[in-house]
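Structure file data-v4.json (JSON, N, CA and C atoms) is printed below.
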```
[["chain", "number", "residue", "atom", "x", "y", "z"],
["A", 143, "MET", "N", -40.53, 0.61, 68.42],
["A", 143, "MET", "CA", -41.09, 1.48, 67.44],
["A", 143, "MET", "C", -40.99, 2.92, 67.96],
["A", 144, "PRO", "N", -40.47, 3.83, 67.11],
["A", 144, "PRO", "CA", -40.29, 5.21, 67.56],
["A", 144, "PRO", "C", -41.65, 5.91, 67.72],
["A", 145, "GLU", "N", -41.67, 6.82, 68.70],
["A", 145, "GLU", "CA", -42.91, 7.58, 68.93],
["A", 145, "GLU", "C", -43.03, 8.69, 67.91],
["A", 146, "ILE", "N", -44.23, 8.87, 67.44],
["A", 146, "ILE", "CA", -44.49, 9.94, 66.47],
["A", 146, "ILE", "C", -45.25, 11.03, 67.20],
["A", 147, "THR", "N", -44.69, 12.22, 67.13],
["A", 147, "THR", "CA", -45.38, 13.35, 67.75],
["A", 147, "THR", "C", -45.97, 14.23, 66.65],
["A", 148, "ILE", "N", -47.15, 14.61, 66.90],
["A", 148, "ILE", "CA", -47.85, 15.45, 65.92],
["A", 148, "ILE", "C", -47.90, 16.87, 66.47],
["A", 149, "LYS", "N", -47.40, 17.80, 65.66],
["A", 149, "LYS", "CA", -47.41, 19.20, 66.05],
["A", 149, "LYS", "C", -48.46, 19.93, 65.21],
["A", 150, "PRO", "N", -49.27, 20.75, 65.86],
["A", 150, "PRO", "CA", -50.25, 21.50, 65.08],
["A", 150, "PRO", "C", -49.55, 22.56, 64.22],
["A", 151, "ARG", "N", -50.10, 22.77, 63.06],
["A", 151, "ARG", "CA", -49.53, 23.79, 62.19],
["A", 151, "ARG", "C", -49.93, 25.17, 62.70],
["A", 152, "VAL", "N", -48.97, 26.04, 62.72],
["A", 152, "VAL", "CA", -49.23, 27.41, 63.17],
["A", 152, "VAL", "C", -49.12, 28.33, 61.96],
["A", 153, "LYS", "N", -50.18, 29.06, 61.71],
["A", 153, "LYS", "CA", -50.15, 30.02, 60.61],
["A", 153, "LYS", "C", -49.53, 31.31, 61.12],
["A", 154, "VAL", "N", -48.54, 31.76, 60.41],
["A", 154, "VAL", "CA", -47.88, 33.01, 60.77],
["A", 154, "VAL", "C", -48.44, 34.10, 59.88],
["A", 155, "LYS", "N", -49.04, 35.10, 60.52],
["A", 155, "LYS", "CA", -49.55, 36.23, 59.75],
["A", 155, "LYS", "C", -48.43, 37.24, 59.56],
["A", 156, "PRO", "N", -48.21, 37.67, 58.33],
["A", 156, "PRO", "CA", -47.15, 38.65, 58.10],
["A", 156, "PRO", "C", -47.52, 39.99, 58.74],
["A", 157, "GLN", "N", -46.54, 40.60, 59.35],
["A", 157, "GLN", "CA", -46.74, 41.91, 59.97],
["A", 157, "GLN", "C", -46.58, 42.97, 58.89],
["A", 158, "THR", "N", -47.60, 43.74, 58.68],
["A", 158, "THR", "CA", -47.50, 44.81, 57.70],
["A", 158, "THR", "C", -47.39, 46.14, 58.44],
["A", 159, "GLU", "N", -46.45, 46.93, 58.01],
["A", 159, "GLU", "CA", -46.24, 48.23, 58.62],
["A", 159, "GLU", "C", -47.10, 49.28, 57.91],
["A", 160, "ARG", "N", -47.53, 50.23, 58.68],
["A", 160, "ARG", "CA", -48.23, 51.35, 58.07],
["A", 160, "ARG", "C", -47.20, 52.19, 57.32],
["A", 161, "PRO", "N", -47.60, 52.74, 56.18],
["A", 161, "PRO", "CA", -46.65, 53.57, 55.44],
["A", 161, "PRO", "C", -46.30, 54.83, 56.23],
["A", 162, "LYS", "N", -45.07, 55.28, 56.05],
["A", 162, "LYS", "CA", -44.65, 56.51, 56.71],
["A", 162, "LYS", "C", -45.42, 57.68, 56.12],
["A", 163, "LEU", "N", -45.73, 58.64, 56.96],
["A", 163, "LEU", "CA", -46.48, 59.79, 56.52],
["A", 163, "LEU", "C", -45.57, 61.00, 56.32],
["A", 164, "TYR", "N", -45.98, 61.85, 55.40],
["A", 164, "TYR", "CA", -45.20, 63.05, 55.06],
["A", 164, "TYR", "C", -46.08, 64.29, 55.19],
["A", 165, "LYS", "N", -45.48, 65.35, 55.71],
["A", 165, "LYS", "CA", -46.18, 66.63, 55.84],
["A", 165, "LYS", "C", -45.99, 67.44, 54.57],
["A", 166, "VAL", "N", -47.05, 68.08, 54.12],
["A", 166, "VAL", "CA", -46.95, 69.05, 53.03],
["A", 166, "VAL", "C", -46.89, 70.41, 53.70],
["A", 167, "ILE", "N", -45.86, 71.17, 53.38],
["A", 167, "ILE", "CA", -45.60, 72.44, 54.06],
["A", 167, "ILE", "C", -45.68, 73.60, 53.05],
["A", 168, "LEU", "N", -46.45, 74.62, 53.43],
["A", 168, "LEU", "CA", -46.53, 75.85, 52.65],
["A", 168, "LEU", "C", -45.47, 76.80, 53.16],
["A", 169, "VAL", "N", -44.62, 77.26, 52.25],
["A", 169, "VAL", "CA", -43.55, 78.20, 52.60],
["A", 169, "VAL", "C", -43.99, 79.60, 52.18],
["A", 170, "ASN", "N", -43.94, 80.54, 53.11],
["A", 170, "ASN", "CA", -44.38, 81.91, 52.84],
["A", 170, "ASN", "C", -43.41, 82.62, 51.89],
["A", 171, "ASP", "N", -43.97, 83.47, 51.05],
["A", 171, "ASP", "CA", -43.16, 84.39, 50.25],
["A", 171, "ASP", "C", -43.90, 85.73, 50.24],
["A", 172, "ASP", "N", -43.21, 86.79, 49.86],
["A", 172, "ASP", "CA", -43.80, 88.13, 49.91],
["A", 172, "ASP", "C", -44.39, 88.57, 48.57],
["A", 173, "PHE", "N", -44.51, 87.68, 47.63],
["A", 173, "PHE", "CA", -44.94, 88.08, 46.29],
["A", 173, "PHE", "C", -46.24, 87.45, 45.83],
["A", 174, "THR", "N", -46.52, 86.22, 46.27],
["A", 174, "THR", "CA", -47.74, 85.54, 45.84],
["A", 174, "THR", "C", -48.95, 86.15, 46.55],
["A", 175, "PRO", "N", -49.96, 86.58, 45.80],
["A", 175, "PRO", "CA", -51.14, 87.17, 46.44],
["A", 175, "PRO", "C", -51.86, 86.17, 47.36],
["A", 176, "ARG", "N", -52.35, 86.67, 48.46],
["A", 176, "ARG", "CA", -53.03, 85.83, 49.44],
["A", 176, "ARG", "C", -54.22, 85.10, 48.83],
["A", 177, "GLU", "N", -54.98, 85.79, 47.99],
["A", 177, "GLU", "CA", -56.16, 85.19, 47.38],
["A", 177, "GLU", "C", -55.78, 83.99, 46.51],
["A", 178, "PHE", "N", -54.65, 84.11, 45.82],
["A", 178, "PHE", "CA", -54.19, 83.00, 44.98],
["A", 178, "PHE", "C", -53.80, 81.81, 45.83],
["A", 179, "VAL", "N", -53.11, 82.05, 46.95],
["A", 179, "VAL", "CA", -52.71, 80.97, 47.85],
["A", 179, "VAL", "C", -53.95, 80.25, 48.38],
["A", 180, "VAL", "N", -54.96, 81.01, 48.76],
["A", 180, "VAL", "CA", -56.21, 80.42, 49.24],
["A", 180, "VAL", "C", -56.87, 79.58, 48.15],
["A", 181, "THR", "N", -56.87, 80.08, 46.93],
["A", 181, "THR", "CA", -57.44, 79.35, 45.81],
["A", 181, "THR", "C", -56.72, 78.02, 45.58],
["A", 182, "VAL", "N", -55.40, 78.03, 45.64],
["A", 182, "VAL", "CA", -54.62, 76.80, 45.45],
["A", 182, "VAL", "C", -54.90, 75.81, 46.60],
["A", 183, "LEU", "N", -54.94, 76.31, 47.82],
["A", 183, "LEU", "CA", -55.21, 75.44, 48.97],
["A", 183, "LEU", "C", -56.59, 74.80, 48.86],
["A", 184, "LYS", "N", -57.57, 75.56, 48.42],
["A", 184, "LYS", "CA", -58.91, 75.02, 48.26],
["A", 184, "LYS", "C", -58.96, 74.00, 47.12],
["A", 185, "GLY", "N", -58.30, 74.31, 46.02],
["A", 185, "GLY", "CA", -58.36, 73.43, 44.85],
["A", 185, "GLY", "C", -57.57, 72.14, 45.02],
["A", 186, "GLU", "N", -56.35, 72.24, 45.48],
["A", 186, "GLU", "CA", -55.47, 71.07, 45.56],
["A", 186, "GLU", "C", -55.67, 70.25, 46.82],
["A", 187, "PHE", "N", -55.92, 70.92, 47.94],
["A", 187, "PHE", "CA", -56.00, 70.22, 49.22],
["A", 187, "PHE", "C", -57.43, 70.10, 49.74],
["A", 188, "LYS", "N", -58.40, 70.58, 48.96],
["A", 188, "LYS", "CA", -59.82, 70.47, 49.31],
["A", 188, "LYS", "C", -60.14, 71.09, 50.67],
["A", 189, "LEU", "N", -59.49, 72.20, 50.99],
["A", 189, "LEU", "CA", -59.77, 72.90, 52.23],
["A", 189, "LEU", "C", -60.96, 73.84, 52.02],
["A", 190, "SER", "N", -61.68, 74.12, 53.10],
["A", 190, "SER", "CA", -62.75, 75.11, 53.02],
["A", 190, "SER", "C", -62.13, 76.49, 52.91],
["A", 191, "GLU", "N", -62.96, 77.47, 52.61],
["A", 191, "GLU", "CA", -62.47, 78.86, 52.52],
["A", 191, "GLU", "C", -61.81, 79.28, 53.83],
["A", 192, "ASP", "N", -62.46, 78.97, 54.95],
["A", 192, "ASP", "CA", -61.95, 79.35, 56.26],
["A", 192, "ASP", "C", -60.65, 78.63, 56.60],
["A", 193, "GLN", "N", -60.60, 77.32, 56.33],
["A", 193, "GLN", "CA", -59.37, 76.55, 56.60],
["A", 193, "GLN", "C", -58.22, 77.06, 55.75],
["A", 194, "ALA", "N", -58.47, 77.29, 54.47],
["A", 194, "ALA", "CA", -57.42, 77.78, 53.57],
["A", 194, "ALA", "C", -56.90, 79.14, 54.02],
["A", 195, "HIS", "N", -57.80, 80.00, 54.45],
["A", 195, "HIS", "CA", -57.40, 81.33, 54.92],
["A", 195, "HIS", "C", -56.53, 81.21, 56.17],
["A", 196, "ARG", "N", -56.92, 80.32, 57.12],
["A", 196, "ARG", "CA", -56.14, 80.15, 58.33],
["A", 196, "ARG", "C", -54.74, 79.58, 58.04],
["A", 197, "VAL", "N", -54.65, 78.63, 57.12],
["A", 197, "VAL", "CA", -53.35, 78.06, 56.75],
["A", 197, "VAL", "C", -52.48, 79.15, 56.12],
["A", 198, "MET", "N", -53.06, 79.94, 55.23],
["A", 198, "MET", "CA", -52.30, 81.01, 54.56],
["A", 198, "MET", "C", -51.81, 82.05, 55.57],
["A", 199, "ILE", "N", -52.65, 82.45, 56.50],
["A", 199, "ILE", "CA", -52.26, 83.44, 57.51],
["A", 199, "ILE", "C", -51.18, 82.87, 58.44],
["A", 200, "THR", "N", -51.31, 81.62, 58.82],
["A", 200, "THR", "CA", -50.30, 80.99, 59.67],
["A", 200, "THR", "C", -48.94, 80.97, 58.97],
["A", 201, "ALA", "N", -48.93, 80.61, 57.68],
["A", 201, "ALA", "CA", -47.67, 80.62, 56.93],
["A", 201, "ALA", "C", -47.13, 82.04, 56.82],
["A", 202, "HIS", "N", -48.01, 83.00, 56.65],
["A", 202, "HIS", "CA", -47.59, 84.40, 56.54],
["A", 202, "HIS", "C", -46.94, 84.88, 57.84],
["A", 203, "ARG", "N", -47.51, 84.51, 58.96],
["A", 203, "ARG", "CA", -46.99, 84.97, 60.26],
["A", 203, "ARG", "C", -45.76, 84.21, 60.73],
["A", 204, "HIS", "N", -45.72, 82.90, 60.47],
["A", 204, "HIS", "CA", -44.63, 82.07, 61.00],
["A", 204, "HIS", "C", -43.60, 81.66, 59.95],
["A", 205, "GLY", "N", -43.85, 81.95, 58.70],
["A", 205, "GLY", "CA", -42.91, 81.60, 57.64],
["A", 205, "GLY", "C", -43.22, 80.29, 56.96],
["A", 206, "VAL", "N", -43.81, 79.35, 57.68],
["A", 206, "VAL", "CA", -44.21, 78.06, 57.12],
["A", 206, "VAL", "C", -45.46, 77.58, 57.85],
["A", 207, "CYS", "N", -46.18, 76.64, 57.22],
["A", 207, "CYS", "CA", -47.35, 76.04, 57.86],
["A", 207, "CYS", "C", -47.58, 74.66, 57.26],
["A", 208, "VAL", "N", -47.85, 73.69, 58.12],
["A", 208, "VAL", "CA", -48.19, 72.35, 57.63],
["A", 208, "VAL", "C", -49.61, 72.41, 57.09],
["A", 209, "VAL", "N", -49.77, 72.02, 55.84],
["A", 209, "VAL", "CA", -51.08, 72.05, 55.20],
["A", 209, "VAL", "C", -51.84, 70.76, 55.49],
["A", 210, "ALA", "N", -51.18, 69.61, 55.29],
["A", 210, "ALA", "CA", -51.83, 68.32, 55.48],
["A", 210, "ALA", "C", -50.75, 67.25, 55.59],
["A", 211, "VAL", "N", -51.17, 66.04, 55.95],
["A", 211, "VAL", "CA", -50.26, 64.90, 56.09],
["A", 211, "VAL", "C", -50.81, 63.76, 55.23],
["A", 212, "PHE", "N", -49.94, 63.19, 54.39],
["A", 212, "PHE", "CA", -50.32, 62.13, 53.47],
["A", 212, "PHE", "C", -49.20, 61.08, 53.41],
["A", 213, "THR", "N", -49.46, 60.00, 52.67],
["A", 213, "THR", "CA", -48.38, 59.08, 52.35],
["A", 213, "THR", "C", -47.42, 59.81, 51.42],
["A", 214, "ARG", "N", -46.24, 59.26, 51.26],
["A", 214, "ARG", "CA", -45.18, 59.97, 50.51],
["A", 214, "ARG", "C", -45.59, 60.35, 49.09],
["A", 215, "ASP", "N", -46.12, 59.40, 48.34],
["A", 215, "ASP", "CA", -46.47, 59.67, 46.94],
["A", 215, "ASP", "C", -47.54, 60.76, 46.83],
["A", 216, "VAL", "N", -48.55, 60.67, 47.66],
["A", 216, "VAL", "CA", -49.63, 61.66, 47.61],
["A", 216, "VAL", "C", -49.10, 63.03, 48.02],
["A", 217, "ALA", "N", -48.30, 63.09, 49.09],
["A", 217, "ALA", "CA", -47.76, 64.36, 49.56],
["A", 217, "ALA", "C", -46.89, 65.02, 48.48],
["A", 218, "GLU", "N", -46.01, 64.24, 47.87],
["A", 218, "GLU", "CA", -45.13, 64.82, 46.85],
["A", 218, "GLU", "C", -45.90, 65.27, 45.62],
["A", 219, "THR", "N", -46.92, 64.50, 45.24],
["A", 219, "THR", "CA", -47.73, 64.88, 44.08],
["A", 219, "THR", "C", -48.49, 66.17, 44.34],
["A", 220, "LYS", "N", -49.12, 66.27, 45.49],
["A", 220, "LYS", "CA", -49.89, 67.47, 45.81],
["A", 220, "LYS", "C", -48.98, 68.69, 45.95],
["A", 221, "ALA", "N", -47.83, 68.53, 46.59],
["A", 221, "ALA", "CA", -46.88, 69.64, 46.73],
["A", 221, "ALA", "C", -46.39, 70.11, 45.37],
["A", 222, "THR", "N", -46.09, 69.19, 44.50],
["A", 222, "THR", "CA", -45.60, 69.53, 43.16],
["A", 222, "THR", "C", -46.69, 70.24, 42.35],
["A", 223, "ARG", "N", -47.90, 69.71, 42.40],
["A", 223, "ARG", "CA", -49.00, 70.32, 41.64],
["A", 223, "ARG", "C", -49.31, 71.73, 42.15],
["A", 224, "ALA", "N", -49.29, 71.91, 43.46],
["A", 224, "ALA", "CA", -49.57, 73.23, 44.03],
["A", 224, "ALA", "C", -48.46, 74.23, 43.68],
["A", 225, "THR", "N", -47.21, 73.78, 43.75],
["A", 225, "THR", "CA", -46.08, 74.65, 43.38],
["A", 225, "THR", "C", -46.15, 75.00, 41.89],
["A", 226, "ASP", "N", -46.47, 74.02, 41.07],
["A", 226, "ASP", "CA", -46.58, 74.25, 39.63],
["A", 226, "ASP", "C", -47.71, 75.23, 39.29],
["A", 227, "ALA", "N", -48.78, 75.21, 40.08],
["A", 227, "ALA", "CA", -49.88, 76.16, 39.85],
["A", 227, "ALA", "C", -49.37, 77.59, 40.04],
["A", 228, "GLY", "N", -48.53, 77.79, 41.04],
["A", 228, "GLY", "CA", -47.95, 79.11, 41.26],
["A", 228, "GLY", "C", -47.01, 79.51, 40.13],
["A", 229, "LYS", "N", -46.17, 78.56, 39.72],
["A", 229, "LYS", "CA", -45.23, 78.85, 38.62],
["A", 229, "LYS", "C", -45.97, 79.20, 37.34],
["A", 230, "ALA", "N", -47.08, 78.53, 37.09],
["A", 230, "ALA", "CA", -47.86, 78.79, 35.87],
["A", 230, "ALA", "C", -48.37, 80.22, 35.83],
["A", 231, "LYS", "N", -48.61, 80.80, 37.00],
["A", 231, "LYS", "CA", -49.07, 82.19, 37.08],
["A", 231, "LYS", "C", -47.93, 83.17, 37.31],
["A", 232, "GLY", "N", -46.69, 82.66, 37.40],
["A", 232, "GLY", "CA", -45.53, 83.51, 37.58],
["A", 232, "GLY", "C", -45.23, 83.88, 39.02],
["A", 233, "TYR", "N", -45.76, 83.10, 39.97],
["A", 233, "TYR", "CA", -45.53, 83.37, 41.39],
["A", 233, "TYR", "C", -44.51, 82.38, 41.96],
["A", 234, "PRO", "N", -43.76, 82.82, 42.98],
["A", 234, "PRO", "CA", -42.77, 81.91, 43.60],
["A", 234, "PRO", "C", -43.38, 81.04, 44.70],
["A", 235, "LEU", "N", -44.64, 80.66, 44.57],
["A", 235, "LEU", "CA", -45.33, 79.83, 45.56],
["A", 235, "LEU", "C", -44.59, 78.52, 45.72],
["A", 236, "LEU", "N", -44.36, 78.11, 46.98],
["A", 236, "LEU", "CA", -43.58, 76.91, 47.22],
["A", 236, "LEU", "C", -44.22, 76.03, 48.29],
["A", 237, "PHE", "N", -44.40, 74.76, 47.93],
["A", 237, "PHE", "CA", -44.84, 73.73, 48.87],
["A", 237, "PHE", "C", -43.74, 72.68, 48.91],
["A", 238, "THR", "N", -43.39, 72.22, 50.11],
["A", 238, "THR", "CA", -42.38, 71.18, 50.27],
["A", 238, "THR", "C", -42.97, 70.03, 51.06],
["A", 239, "THR", "N", -42.22, 68.93, 51.13],
["A", 239, "THR", "CA", -42.64, 67.79, 51.94],
["A", 239, "THR", "C", -41.50, 67.39, 52.86],
["A", 240, "GLU", "N", -41.87, 66.82, 53.99],
["A", 240, "GLU", "CA", -40.86, 66.26, 54.90],
["A", 240, "GLU", "C", -41.52, 65.15, 55.71],
["A", 241, "PRO", "N", -40.74, 64.16, 56.13],
["A", 241, "PRO", "CA", -41.32, 63.04, 56.89],
["A", 241, "PRO", "C", -41.89, 63.52, 58.22],
["A", 242, "GLU", "N", -42.99, 62.90, 58.57],
["A", 242, "GLU", "CA", -43.58, 63.19, 59.88],
["A", 242, "GLU", "C", -42.85, 62.35, 60.92],
["A", 243, "GLU", "N", -42.61, 62.90, 62.09],
["A", 243, "GLU", "CA", -41.86, 62.19, 63.11],
["A", 243, "GLU", "C", -42.75, 61.30, 63.94]]
```

Can you dump the structure from the file as structure tokens?
Amino acid sequence: MPEITIKPRVKVKPQTERPKLYKVILVNDDFTPREFVVTVLKGEFKLSEDQAHRVMITAHRHGVCVVAVFTRDVAETKATRATDAGKAKGYPLLFTTEPEE
């Protein structure tokens, strides 16, 4: 009679990866008023007055500044909404996104 071996069942848990994160970047321009940039940063990105001012000044001095890091969909939505807010007022305000390394 053949021997029967019993093997315990092993549950394999699927490995889930964290979603890739994207940086939202404020690009400086010489036409959008600083106060308007601060207002957009506070409204769209929920930054405090002080944080928004520091981000705006950093972009002004260095040409660009990372505003925040989100998942791709959130980053693109926020960047688009913030850029559109500038366009609605006739300013060339620009926010872009790029993958975080």

**Nearest residue to Glu218 of chain A from the set A:Leu183, A:Pro156, A:Val197, A:Thr239 (distances using all atoms listed in the file)** =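 Looking at the shortest contact to Glu218 of chain A, the residue is A:Thr239.
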
**Prompt:** Interatomic distance between atom CA of Asp171 of chain A and atom CA of Gly185 of chain A?
**Reply:**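 Interatomic distance, atom CA of Asp171 of chain A to atom CA of Gly185 of chain A: 19.5 Å.
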
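Using only C-alpha atoms, the nearest neighbour of Ala217 of chain A within the list A:Phe173, A:Tyr233, A:Phe187, A:Phe178 is A:Phe187.
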
**Request:** Grab the atom CA of Arg203 of chain A to atom C of Thr174 of chain A distance for me, in Å with one decimal place.
**Result:** 13.9 Å

**Request:** Among the residues of segment 147-240 of chain A, find those DSSP assigns to helix (DSSP H, G or I) from the backbone and print them as a VMD selection string.
**Result:** chain A and resid 176 to 187 191 to 204 214 to 230

**Prompt:** Per DSSP on the backbone, what are the strand (DSSP E) residues of chain A, as an MDAnalysis selection string?
**Reply:** chainID A and resid 163:169 206:213 236:241

**Message:** At a cut-off of 9 Å, using only C-alpha atoms, what residues contact segment 226-228 of chain A? Leave out same-chain residues fewer than 6 positions from it and give the result as a list in words.
**Reply:**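 So the residues in contact are Thr174, Phe178, Val179, Val182, Pro234, Leu235 and Leu236 of chain A.
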
Go ahead and write the residues just picked, N, CA and C atoms, as a CSV table (one decimal), in the frame of the given file.
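Result file out-v3.csv:
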```csv
chain,number,residue,atom,x,y,z
A,174,THR,N,-46.5,86.2,46.3
A,174,THR,CA,-47.7,85.5,45.8
A,174,THR,C,-49.0,86.2,46.6
A,178,PHE,N,-54.6,84.1,45.8
A,178,PHE,CA,-54.2,83.0,45.0
A,178,PHE,C,-53.8,81.8,45.8
A,179,VAL,N,-53.1,82.0,47.0
A,179,VAL,CA,-52.7,81.0,47.8
A,179,VAL,C,-54.0,80.2,48.4
A,182,VAL,N,-55.4,78.0,45.6
A,182,VAL,CA,-54.6,76.8,45.4
A,182,VAL,C,-54.9,75.8,46.6
A,234,PRO,N,-43.8,82.8,43.0
A,234,PRO,CA,-42.8,81.9,43.6
A,234,PRO,C,-43.4,81.0,44.7
A,235,LEU,N,-44.6,80.7,44.6
A,235,LEU,CA,-45.3,79.8,45.6
A,235,LEU,C,-44.6,78.5,45.7
A,236,LEU,N,-44.4,78.1,47.0
A,236,LEU,CA,-43.6,76.9,47.2
A,236,LEU,C,-44.2,76.0,48.3
```

**Asked** So how many Å separate atom CA of Glu240 of chain A and atom CA of Arg214 of chain A, to one decimal?
**Response**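 Atom CA of Arg214 of chain A lies 8.8 Å from atom CA of Glu240 of chain A.
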
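Distances from A:Lys153, A:Leu168, A:Thr147, A:Phe212 to Thr200 of chain A were compared using all atoms listed in the file, and the smallest one belongs to A:Leu168.
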